[in-house]
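Below is entry13.pdb, which holds PDB, C-alpha atoms, pLDDT in the B column.
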```pdb
ATOM      1  CA  MET A 150     -29.755 -22.985 -33.594  1.00 49.00           C
ATOM      2  CA  PHE A 151     -32.123 -20.216 -34.665  1.00 55.00           C
ATOM      3  CA  GLY A 152     -29.344 -17.640 -34.405  1.00 55.00           C
ATOM      4  CA  LEU A 153     -29.596 -17.373 -30.608  1.00 58.00           C
ATOM      5  CA  PHE A 154     -25.828 -17.212 -30.189  1.00 58.00           C
ATOM      6  CA  ALA A 155     -24.954 -15.262 -33.345  1.00 61.00           C
ATOM      7  CA  ASN A 156     -24.313 -11.979 -31.508  1.00 71.00           C
ATOM      8  CA  LYS A 157     -22.206 -13.700 -28.849  1.00 73.00           C
ATOM      9  CA  GLU A 158     -20.110 -15.500 -31.480  1.00 76.00           C
ATOM     10  CA  LYS A 159     -19.521 -12.189 -33.286  1.00 76.00           C
ATOM     11  CA  PHE A 160     -18.532 -10.549 -29.995  1.00 80.00           C
ATOM     12  CA  VAL A 161     -16.064 -13.329 -29.190  1.00 80.00           C
ATOM     13  CA  GLU A 162     -14.556 -13.081 -32.679  1.00 84.00           C
ATOM     14  CA  ASP A 163     -14.181  -9.296 -32.314  1.00 84.00           C
ATOM     15  CA  VAL A 164     -12.468  -9.681 -28.939  1.00 81.00           C
ATOM     16  CA  MET A 165     -10.112 -12.362 -30.244  1.00 81.00           C
ATOM     17  CA  ASN A 166      -9.212 -10.149 -33.216  1.00 80.00           C
ATOM     18  CA  ASP A 167      -8.505  -7.227 -30.867  1.00 80.00           C
ATOM     19  CA  ILE A 168      -6.246  -9.456 -28.747  1.00 78.00           C
ATOM     20  CA  LYS A 169      -4.321 -10.579 -31.828  1.00 76.00           C
ATOM     21  CA  LYS A 170      -3.859  -6.956 -32.949  1.00 75.00           C
ATOM     22  CA  ALA A 171      -2.615  -5.868 -29.510  1.00 71.00           C
ATOM     23  CA  GLY A 172       0.374  -8.214 -29.581  1.00 69.00           C
ATOM     24  CA  ILE A 173       2.691  -8.603 -26.617  1.00 70.00           C
ATOM     25  CA  VAL A 174       2.590  -5.933 -23.936  1.00 67.00           C
ATOM     26  CA  SER A 175       5.823  -5.192 -22.104  1.00 72.00           C
ATOM     27  CA  PRO A 176       5.694  -5.651 -18.324  1.00 73.00           C
ATOM     28  CA  ILE A 177       5.425  -2.617 -16.066  1.00 74.00           C
ATOM     29  CA  GLN A 178       8.407  -1.448 -14.072  1.00 74.00           C
ATOM     30  CA  VAL A 179       8.112  -2.430 -10.415  1.00 66.00           C
ATOM     31  CA  PRO A 180       9.393   0.354  -8.150  1.00 62.00           C
ATOM     32  CA  THR A 181      12.379  -0.494  -6.011  1.00 66.00           C
ATOM     33  CA  GLN A 182      11.601  -0.858  -2.344  1.00 63.00           C
ATOM     34  CA  ASP A 183      12.587   1.914  -0.009  1.00 61.00           C
ATOM     35  CA  LYS A 184      14.549   0.380   2.864  1.00 72.00           C
ATOM     36  CA  THR A 185      13.240   2.930   5.371  1.00 75.00           C
ATOM     37  CA  ALA A 186      10.339   1.357   7.256  1.00 84.00           C
ATOM     38  CA  TYR A 187       9.680   4.338   9.532  1.00 88.00           C
ATOM     39  CA  GLU A 188      10.706   7.945  10.098  1.00 90.00           C
ATOM     40  CA  ILE A 189      10.284  10.302  13.041  1.00 93.00           C
ATOM     41  CA  GLY A 190      10.077  14.058  12.662  1.00 93.00           C
ATOM     42  CA  ILE A 191       8.609  17.293  13.998  1.00 94.00           C
ATOM     43  CA  THR A 192       6.055  19.509  12.264  1.00 92.00           C
ATOM     44  CA  GLU A 193       6.271  23.305  12.065  1.00 93.00           C
ATOM     45  CA  GLN A 194       3.591  23.364  14.787  1.00 93.00           C
ATOM     46  CA  GLY A 195       5.853  21.332  17.096  1.00 93.00           C
ATOM     47  CA  LYS A 196       3.971  18.040  16.830  1.00 94.00           C
ATOM     48  CA  ILE A 197       5.914  14.781  16.636  1.00 94.00           C
ATOM     49  CA  THR A 198       5.341  12.709  13.508  1.00 94.00           C
ATOM     50  CA  LEU A 199       5.755   8.973  13.046  1.00 93.00           C
ATOM     51  CA  THR A 200       5.683   7.871   9.393  1.00 91.00           C
ATOM     52  CA  ILE A 201       5.356   4.139   8.744  1.00 90.00           C
ATOM     53  CA  GLY A 202       5.405   2.317   5.415  1.00 85.00           C
ATOM     54  CA  MET A 203       7.447   1.480   2.335  1.00 75.00           C
ATOM     55  CA  SER A 204       7.517   2.196  -1.399  1.00 69.00           C
ATOM     56  CA  GLY A 205       4.896   4.908  -1.614  1.00 70.00           C
ATOM     57  CA  TYR A 206       2.471   3.289   0.817  1.00 82.00           C
ATOM     58  CA  ARG A 207       3.115   5.427   3.856  1.00 85.00           C
ATOM     59  CA  ASN A 208       0.986   6.740   6.717  1.00 92.00           C
ATOM     60  CA  THR A 209       1.915   9.587   9.037  1.00 93.00           C
ATOM     61  CA  LEU A 210       0.716   9.969  12.606  1.00 93.00           C
ATOM     62  CA  SER A 211       1.063  13.454  14.138  1.00 95.00           C
ATOM     63  CA  MET A 212       1.074  13.553  17.954  1.00 95.00           C
ATOM     64  CA  THR A 213       1.259  16.067  20.747  1.00 94.00           C
ATOM     65  CA  ASP A 214       3.885  15.519  23.443  1.00 94.00           C
ATOM     66  CA  GLU A 215       1.244  13.791  25.571  1.00 95.00           C
ATOM     67  CA  GLY A 216       0.207  11.550  22.687  1.00 94.00           C
ATOM     68  CA  CYS A 217       3.823  10.593  22.074  1.00 93.00           C
ATOM     69  CA  GLN A 218       4.325   9.734  25.768  1.00 95.00           C
ATOM     70  CA  GLN A 219       1.159   7.606  25.668  1.00 95.00           C
ATOM     71  CA  LEU A 220       2.409   5.736  22.594  1.00 92.00           C
ATOM     72  CA  ILE A 221       5.735   5.075  24.344  1.00 93.00           C
ATOM     73  CA  ARG A 222       3.899   3.727  27.421  1.00 93.00           C
ATOM     74  CA  MET A 223       1.749   1.475  25.234  1.00 93.00           C
ATOM     75  CA  LEU A 224       4.793   0.087  23.400  1.00 90.00           C
ATOM     76  CA  GLN A 225       6.643  -0.517  26.671  1.00 91.00           C
ATOM     77  CA  SER A 226       3.580  -2.262  28.087  1.00 91.00           C
ATOM     78  CA  ALA A 227       3.421  -4.541  25.036  1.00 90.00           C
ATOM     79  CA  LEU A 228       7.090  -5.463  25.549  1.00 87.00           C
ATOM     80  CA  THR A 229       6.508  -6.160  29.248  1.00 85.00           C
ATOM     81  CA  ASP A 230       3.401  -8.260  28.537  1.00 81.00           C
ATOM     82  CA  ARG A 231       5.425 -10.263  26.061  1.00 77.00           C
ATOM     83  CA  GLY A 232       8.163 -10.821  28.644  1.00 73.00           C
ATOM     84  CA  THR A 233      10.761  -8.533  27.105  1.00 63.00           C
ATOM     85  CA  ASP A 234      11.595  -5.569  29.334  1.00 60.00           C
ATOM     86  CA  ALA A 235      12.866  -2.481  27.521  1.00 51.00           C
TER      87      ALA A 235
END
```
Transcribe the structure of this file into structure tokens.
Amino acid sequence: MFGLFANKEKFVEDVMNDIKKAGIVSPIQVPTQDKTAYEIGITEQGKITLTIGMSGYRNTLSMTDEGCQQLIRMLQSALTDRGTDA
């Protein structure tokens, strides 16, 4: 129809030819999961660290002694509010 779709047809043919040339791609290796969900440590500056995460997706929170005590109070409060005393 007046060549309106000629360029698109050529593009589709080129893509299909590229797909045929590529063949089968082997699947990627999925990393094994690290069983450690969290770690606690101390920095050289004396701050307490809490690292949470698995398999390369980890976040570390560094806290002062006061920050650590506050986190403990917040966790204990959540347990109490839920009806489970620590």
Residue by residue, what does the PyMOL selection byres ((chain A and resi 211-226) around 7) grab here? Present the result as a list in words.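 Evaluating the PyMOL selection byres ((chain A and resi 211-226) around 7) on this file yields Lys196, Ile197, Thr198, Leu199, Thr209, Leu210, Ala227, Leu228, Thr229, Asp230 and Ala235 of chain A.
Taking CA of Ile191 in chain A and CA of Asn208 in chain A as endpoints, the distance between them is 14.9 Å.
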For Ile201 in chain A, the nearest of the candidates A:Ala186, A:Ile168, A:Ile177, A:Val161, counting all atoms listed in the file: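 Checking each of A:Ala186, A:Ile168, A:Ile177, A:Val161 against Ile201 in chain A, counting all atoms listed in the file, the winner is A:Ala186.
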Quote the spacing between CA of Pro176 in chain A and CA of Glu162 in chain A in Å to one decimal place. 25.9 Å
Spatial neighbours of Thr185 in chain A, max dist 8 Å, only C-alpha atoms, sep filter under 3 positions, as a list in words: Glu188, Gly202 and Met203 of chain A
Let's have the selection written as a JSON list (two decimals), in the coordinates of the input, with C-alpha atoms.
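Saved result, again_14.json, follows:
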```
[["chain", "number", "residue", "atom", "x", "y", "z"],
["A", 188, "GLU", "CA", 10.71, 7.94, 10.10],
["A", 202, "GLY", "CA", 5.40, 2.32, 5.42],
["A", 203, "MET", "CA", 7.45, 1.48, 2.34]]
```
Would you compute the distance between CA of Lys157 in chain A and CA of Ala171 in chain A? Give it in Å to one decimal. 21.1 Å
